[in-house]
$ cat entry.csv   # CSV, C-alpha atoms
chain,number,residue,atom,x,y,z
P,138,MET,CA,101.6,67.0,120.4
P,139,HIS,CA,99.0,66.1,117.9
P,140,VAL,CA,100.5,64.4,114.8
P,141,CYS,CA,99.6,63.0,111.4
P,142,ILE,CA,101.8,60.2,110.1
P,143,THR,CA,101.7,59.0,106.5
P,144,LEU,CA,102.1,55.2,105.9
P,145,ARG,CA,102.9,53.2,102.9
P,146,PHE,CA,101.9,49.6,103.1
P,147,ASP,CA,101.5,46.4,101.2
P,148,GLY,CA,98.1,45.2,102.1
P,149,THR,CA,98.5,41.6,100.9
P,150,ARG,CA,98.5,39.9,104.3
P,151,TYR,CA,96.3,42.3,106.1
P,152,HIS,CA,92.5,42.4,106.4
P,153,GLY,CA,92.2,46.1,105.8
P,154,PHE,CA,93.2,49.0,108.1
P,155,GLN,CA,90.5,48.7,110.7
P,156,VAL,CA,91.1,46.4,113.7
P,157,GLN,CA,89.4,43.0,113.2
P,158,LYS,CA,88.5,40.5,116.0
P,159,ASN,CA,90.0,37.5,114.4
P,160,ALA,CA,92.3,38.8,111.6
P,161,LEU,CA,95.4,40.8,111.3
P,162,SER,CA,94.9,44.5,110.3
P,163,VAL,CA,97.3,47.4,109.5
P,164,CYS,CA,95.9,49.3,112.5
P,165,GLU,CA,96.7,46.5,114.9
P,166,ALA,CA,100.3,46.3,113.6
P,167,LEU,CA,100.7,50.1,113.9
P,168,GLN,CA,99.3,50.2,117.4
P,169,ASP,CA,101.5,47.4,118.5
P,170,ALA,CA,104.5,49.4,117.2
P,171,LEU,CA,103.3,52.6,118.9
P,172,GLU,CA,102.8,50.7,122.2
P,173,ARG,CA,106.4,49.5,122.0
P,174,LEU,CA,107.6,53.0,121.2
P,175,TYR,CA,105.7,54.9,123.9
P,176,GLY,CA,105.0,52.3,126.5
P,177,THR,CA,101.3,52.9,126.1
P,178,ARG,CA,98.7,52.2,123.3
P,179,PRO,CA,97.4,55.5,121.9
P,180,PRO,CA,94.1,55.5,120.0
P,181,VAL,CA,94.6,56.3,116.3
P,182,LYS,CA,92.3,57.6,113.6
P,183,GLY,CA,92.8,56.4,110.1
P,184,CYS,CA,91.8,58.3,107.0
P,185,SER,CA,89.6,55.6,105.5
P,186,ARG,CA,88.6,52.0,105.7
P,187,THR,CA,90.4,49.7,103.3
P,188,ASP,CA,89.4,46.2,102.2
P,189,SER,CA,91.5,43.1,102.6
P,190,GLY,CA,94.5,43.1,100.2
P,191,VAL,CA,94.3,46.8,99.3
P,192,HIS,CA,97.5,48.8,99.4
P,193,ALA,CA,98.4,52.3,100.3
P,194,LEU,CA,101.1,54.8,99.0
P,195,ALA,CA,100.0,57.5,101.4
P,196,TYR,CA,97.6,56.5,104.2
P,197,CYS,CA,97.2,59.1,106.9
P,198,VAL,CA,96.8,58.4,110.6
P,199,SER,CA,96.3,61.0,113.3
P,200,TYR,CA,96.9,60.5,117.0
P,201,THR,CA,98.1,62.4,120.1
P,202,GLN,CA,101.7,61.5,121.2
P,203,PRO,CA,101.7,60.2,124.8
P,204,LYS,CA,105.2,61.7,125.1
P,205,PRO,CA,107.0,64.0,122.8
P,206,ILE,CA,109.2,62.7,120.1
P,207,ALA,CA,110.7,65.1,117.5
P,208,LEU,CA,109.0,65.0,114.2
P,209,ARG,CA,112.2,64.5,112.3
P,210,LYS,CA,112.9,61.3,114.4
P,211,LEU,CA,109.3,60.0,114.6
P,212,PRO,CA,109.2,58.0,111.3
P,213,LEU,CA,112.4,56.1,112.0
P,214,ALA,CA,111.4,55.6,115.6
P,215,ILE,CA,108.1,53.9,114.7
P,216,ASN,CA,109.5,52.0,111.8
P,217,ARG,CA,111.9,50.2,114.2
P,218,PHE,CA,108.9,48.3,115.5
P,219,LEU,CA,106.8,47.9,112.4
P,220,PRO,CA,106.8,44.8,110.0
P,221,GLU,CA,108.7,45.4,106.8
P,222,ASP,CA,105.5,45.7,104.7
P,223,ILE,CA,104.4,48.8,106.6
P,224,ARG,CA,106.5,52.0,106.8
P,225,VAL,CA,105.9,55.5,108.1
P,226,VAL,CA,107.3,58.0,105.5
P,227,LYS,CA,106.1,61.3,106.9
P,228,ALA,CA,105.3,63.0,110.2
P,229,GLN,CA,103.7,66.4,110.7
P,230,GLN,CA,102.2,68.3,113.6
P,231,VAL,CA,98.5,69.1,113.2
P,232,ILE,CA,96.0,71.3,115.0
P,233,PRO,CA,94.3,69.7,118.1
P,234,GLN,CA,90.9,69.1,116.3
P,235,PHE,CA,92.5,67.4,113.3
P,236,HIS,CA,91.0,64.0,112.3
P,237,ALA,CA,92.6,62.0,109.5
P,238,ARG,CA,89.3,61.0,108.1
P,239,TYR,CA,86.9,63.9,108.7
P,240,CYS,CA,89.3,66.7,107.8
P,241,ALA,CA,90.1,65.2,104.4
P,242,GLN,CA,88.9,67.3,101.5
P,243,SER,CA,89.4,64.6,98.9
P,244,LYS,CA,91.1,61.2,98.4
P,245,GLU,CA,92.8,59.8,95.4
P,246,TYR,CA,93.0,56.1,94.4
P,247,LEU,CA,95.1,54.4,91.8
P,248,TYR,CA,94.2,51.1,90.2
P,249,ARG,CA,96.6,48.9,88.3
P,250,ILE,CA,95.7,46.4,85.6
P,251,HIS,CA,98.4,44.2,84.1
P,252,ASN,CA,97.1,43.7,80.6
P,253,SER,CA,99.1,40.8,79.3
P,254,PRO,CA,98.6,37.1,78.4
P,255,VAL,CA,101.7,36.4,80.6
P,256,SER,CA,101.8,37.1,84.3
P,257,ASP,CA,104.6,39.1,85.8
P,258,PRO,CA,106.1,37.6,89.0
P,259,PHE,CA,107.2,41.1,90.1
P,260,GLN,CA,103.6,42.4,89.9
P,261,SER,CA,101.8,39.5,91.6
P,262,GLY,CA,99.6,40.7,94.4
P,263,HIS,CA,99.8,44.3,93.2
P,264,CYS,CA,97.6,44.3,90.1
P,265,TRP,CA,94.6,42.7,88.4
P,266,ARG,CA,95.9,40.7,85.4
P,267,ILE,CA,93.6,40.6,82.4
P,268,SER,CA,95.0,38.6,79.5
P,269,ALA,CA,92.7,39.8,76.7
P,270,GLN,CA,93.8,43.1,75.1
P,271,LEU,CA,91.8,46.1,76.4
P,272,ASP,CA,90.9,49.2,74.5
P,273,VAL,CA,92.3,52.0,76.7
P,274,ASP,CA,90.8,54.8,74.6
P,275,ALA,CA,87.3,53.3,75.2
P,276,MET,CA,88.0,53.0,78.9
P,277,ALA,CA,89.3,56.7,79.1
P,278,LYS,CA,86.1,57.9,77.3
P,279,ALA,CA,83.9,56.0,79.7
P,280,ALA,CA,85.8,57.4,82.7
P,281,GLU,CA,85.0,60.9,81.6
P,282,TYR,CA,81.3,60.3,82.4
P,283,LEU,CA,82.3,59.7,86.1
P,284,VAL,CA,83.5,63.2,86.6
P,285,GLY,CA,81.1,65.6,88.3
P,286,THR,CA,78.5,65.4,91.1
P,287,HIS,CA,76.3,62.3,90.7
P,288,ASP,CA,74.3,59.8,92.6
P,289,PHE,CA,76.7,56.8,92.4
P,290,ARG,CA,74.4,54.2,93.9
P,291,ALA,CA,75.0,51.9,90.9
P,292,PHE,CA,78.6,51.7,92.0
P,293,MET,CA,78.0,50.7,95.6
P,294,SER,CA,78.2,47.1,96.8
P,295,ALA,CA,75.0,45.5,97.8
P,296,GLY,CA,74.4,45.4,101.6
P,297,SER,CA,75.7,48.9,102.3
P,298,ASP,CA,73.4,50.9,104.4
P,299,ILE,CA,74.6,54.4,103.4
P,300,ALA,CA,71.7,56.7,102.6
P,301,ASP,CA,73.4,59.6,100.9
P,302,THR,CA,75.0,58.1,97.8
P,303,VAL,CA,75.9,61.4,96.1
P,304,ARG,CA,79.6,62.1,95.6
P,305,THR,CA,81.7,64.5,93.5
P,306,VAL,CA,84.4,63.0,91.3
P,307,TYR,CA,87.0,65.7,90.5
P,308,PHE,CA,88.9,63.7,87.9
P,309,ALA,CA,89.0,60.1,86.5
P,310,ARG,CA,91.8,59.2,84.1
P,311,VAL,CA,92.9,56.0,82.3
P,312,TRP,CA,96.1,55.5,80.5
P,313,ARG,CA,98.5,52.7,79.4
P,314,GLU,CA,102.1,52.3,80.4
P,315,GLU,CA,103.5,49.4,78.3
P,316,GLU,CA,101.6,46.3,79.6
P,317,ASN,CA,100.0,48.2,82.5
P,318,ILE,CA,96.7,50.1,82.4
P,319,LEU,CA,96.3,52.7,85.2
P,320,PHE,CA,93.1,54.3,86.5
P,321,HIS,CA,93.5,57.4,88.7
P,322,VAL,CA,90.5,58.9,90.4
P,323,CYS,CA,89.9,61.8,92.9
P,324,ALA,CA,86.7,62.4,94.8
P,325,ASP,CA,85.4,64.0,97.9
P,326,GLY,CA,84.3,60.6,99.2
P,327,TYR,CA,83.6,57.0,98.1
P,328,LEU,CA,80.9,54.5,98.6
P,329,TYR,CA,81.7,50.9,99.6
P,330,ASN,CA,83.8,49.3,96.8
P,331,MET,CA,83.0,52.3,94.5
P,332,VAL,CA,86.5,52.5,92.9
P,333,ARG,CA,86.7,48.7,92.3
P,334,ILE,CA,83.2,48.8,90.7
P,335,PHE,CA,84.3,51.8,88.6
P,336,VAL,CA,87.2,49.7,87.3
P,337,GLY,CA,85.1,46.6,86.7
P,338,THR,CA,82.7,48.7,84.6
P,339,LEU,CA,85.6,50.4,82.7
P,340,VAL,CA,86.9,47.0,81.8
P,341,GLU,CA,83.5,46.2,80.2
P,342,ALA,CA,84.1,49.2,77.9
P,343,GLY,CA,87.7,48.2,77.3
P,344,ALA,CA,86.7,44.7,76.3
P,345,GLY,CA,84.0,46.0,73.9
P,346,ARG,CA,81.1,44.6,75.9
P,347,MET,CA,79.7,48.1,76.4
P,348,GLN,CA,80.0,51.4,74.6
P,349,PRO,CA,81.7,54.2,76.6
P,350,GLU,CA,78.5,56.3,76.4
P,351,GLN,CA,76.6,53.6,78.4
P,352,MET,CA,78.4,54.8,81.5
P,353,LYS,CA,76.1,57.8,81.7
P,354,THR,CA,73.1,55.4,81.5
P,355,ILE,CA,74.5,53.3,84.3
P,356,ILE,CA,75.0,56.3,86.5
P,357,GLU,CA,71.4,57.5,85.9
P,358,SER,CA,70.0,54.0,86.5
P,359,LYS,CA,71.2,53.9,90.2
P,360,ASP,CA,71.1,50.1,89.7
P,361,ARG,CA,74.1,48.0,90.9
P,362,ALA,CA,73.1,45.3,88.4
P,363,GLN,CA,73.8,47.6,85.5
P,364,ALA,CA,77.5,48.2,86.4
P,365,GLY,CA,80.4,45.8,86.0
P,366,ASP,CA,81.9,43.3,88.4
P,367,THR,CA,83.9,44.4,91.4
P,368,ALA,CA,87.6,44.5,90.4
P,369,GLN,CA,90.0,42.5,92.4
P,370,ALA,CA,91.3,44.2,95.6
P,371,GLN,CA,95.0,43.7,95.0
P,372,GLY,CA,95.1,46.2,92.2
P,373,LEU,CA,93.9,49.1,94.3
P,374,PHE,CA,96.1,51.7,96.0
P,375,LEU,CA,95.2,54.6,98.2
P,376,TYR,CA,97.3,57.2,96.4
P,377,ARG,CA,96.9,60.5,98.3
P,378,VAL,CA,94.7,62.2,100.9
P,379,ASN,CA,94.3,66.0,100.5
P,380,TYR,CA,93.8,68.3,103.5
P,381,PRO,CA,93.5,72.0,103.9
P,382,GLU,CA,96.8,73.8,104.6
P,383,SER,CA,95.3,75.2,107.8
P,384,ALA,CA,95.3,71.7,109.4
P,385,PHE,CA,99.1,71.6,109.7
P,386,CYS,CA,101.2,73.5,112.1
P,387,ASN,CA,104.6,73.3,110.3
P,388,PRO,CA,106.3,71.9,107.2
P,389,ILE,CA,106.2,68.2,106.5
P,390,VAL,CA,109.3,66.3,107.8
P,391,GLN,CA,110.4,63.4,105.6
$ encode --input "entry.csv" --output "structure tokens"
Amino acid sequence: MHVCITLRFDGTRYHGFQVQKNALSVCEALQDALERLYGTRPPVKGCSRTDSGVHALAYCVSYTQPKPIALRKLPLAINRFLPEDIRVVKAQQVIPQFHARYCAQSKEYLYRIHNSPVSDPFQSGHCWRISAQLDVDAMAKAAEYLVGTHDFRAFMSAGSDIADTVRTVYFARVWREEENILFHVCADGYLYNMVRIFVGTLVEAGAGRMQPEQMKTIIESKDRAQAGDTAQAQGLFLYRVNYPESAFCNPIVQ
């Protein structure tokens, strides 16, 4: 049976999802658990790469079960062998050609800024704390310029060898919840560190160091030096991966 499982994980102690030679990854921990469950180590396909320290609320992984386990039992069965900072929350049967990364229509990310002069011990490792007060309205106006199909080369980290830097952003929203500022973005794909550079540039607008309208100029420049700094990894969460309904064989089991 071909399955897609959805993970939630705290990425604090992991060096991203992809297997690393000399560092712990989410994929390694997951495959260790699957090997203990099935008695063999099935290859898995993750929905995206994640940087060290990045978290996920809904990270999708596809693989073929070496032996059948009922979907309703599968999350708890895998969770028995996973560390507490990784959990399978959903399991669903998918069509044989399903690939967690290449079948995705869009992905959504959430970024959290704790905008307070005092740190919060309950948010440590899960936000970027900025003590100076930020203008959320300016950040929201700047984010509007990100929506649409653009060449986002200015928001790609140096050293990336991707040739096609055009992506479509379906929405980009900024709002405040008490002392937290949240940025929610949905796109058909992302360049390396694109979301974190979005956030770093939005903070420039929020701090008054650039006008919201400058976002359009930065996009058109295709120059990484024109955009803001890369925001800290620990504030970033993979929020949702969207797939066509035709990829799934039956209702999601939670």
$ residues_around --input "entry.csv" --residues "Ser256 in chain P" --least-positions-apart "2" --cutoff "12 Å" --atoms "all atoms listed in the file" --output "count of residues only"
18
$ atom_distance --input "entry.csv" --atom1 "CA of Arg310 in chain P" --atom2 "CA of Arg346 in chain P"
19.9 Å
$ residues_around --input "entry.csv" --residues "Gly326 in chain P" --least-positions-apart "4" --cutoff "10 Å" --atoms "only C-alpha atoms" --output "PyMOL selection string"
chain P and resi 185+241-245+302-306+331
$ residues_around --input "entry.csv" --residues "Ala193 in chain P" --least-positions-apart "2" --cutoff "6 Å" --atoms "all atoms listed in the file" --output "ChimeraX atom specification"
/P:145-146,195-196,374-375
$ atom_distance --input "entry.csv" --atom1 "CA of Leu328 in chain P" --atom2 "CA of Gly296 in chain P"
11.6 Å
$ atom_distance --input "entry.csv" --atom1 "CA of His236 in chain P" --atom2 "CA of Ala214 in chain P"
22.3 Å
$ closest_atom_pairs --input "entry.csv" --of "range 215-329 of chain P" --to "range 353-360 of chain P" --cutoff "6 Å" --atoms "all atoms listed in the file" --output "Markdown table"
| residue | atom | partner | partner_atom | distance |
| --- | --- | --- | --- | --- |
| P:Tyr282 | CA | P:Lys353 | CA | 5.8 |
| P:Arg290 | CA | P:Lys359 | CA | 4.9 |
| P:Ala291 | CA | P:Lys359 | CA | 4.4 |
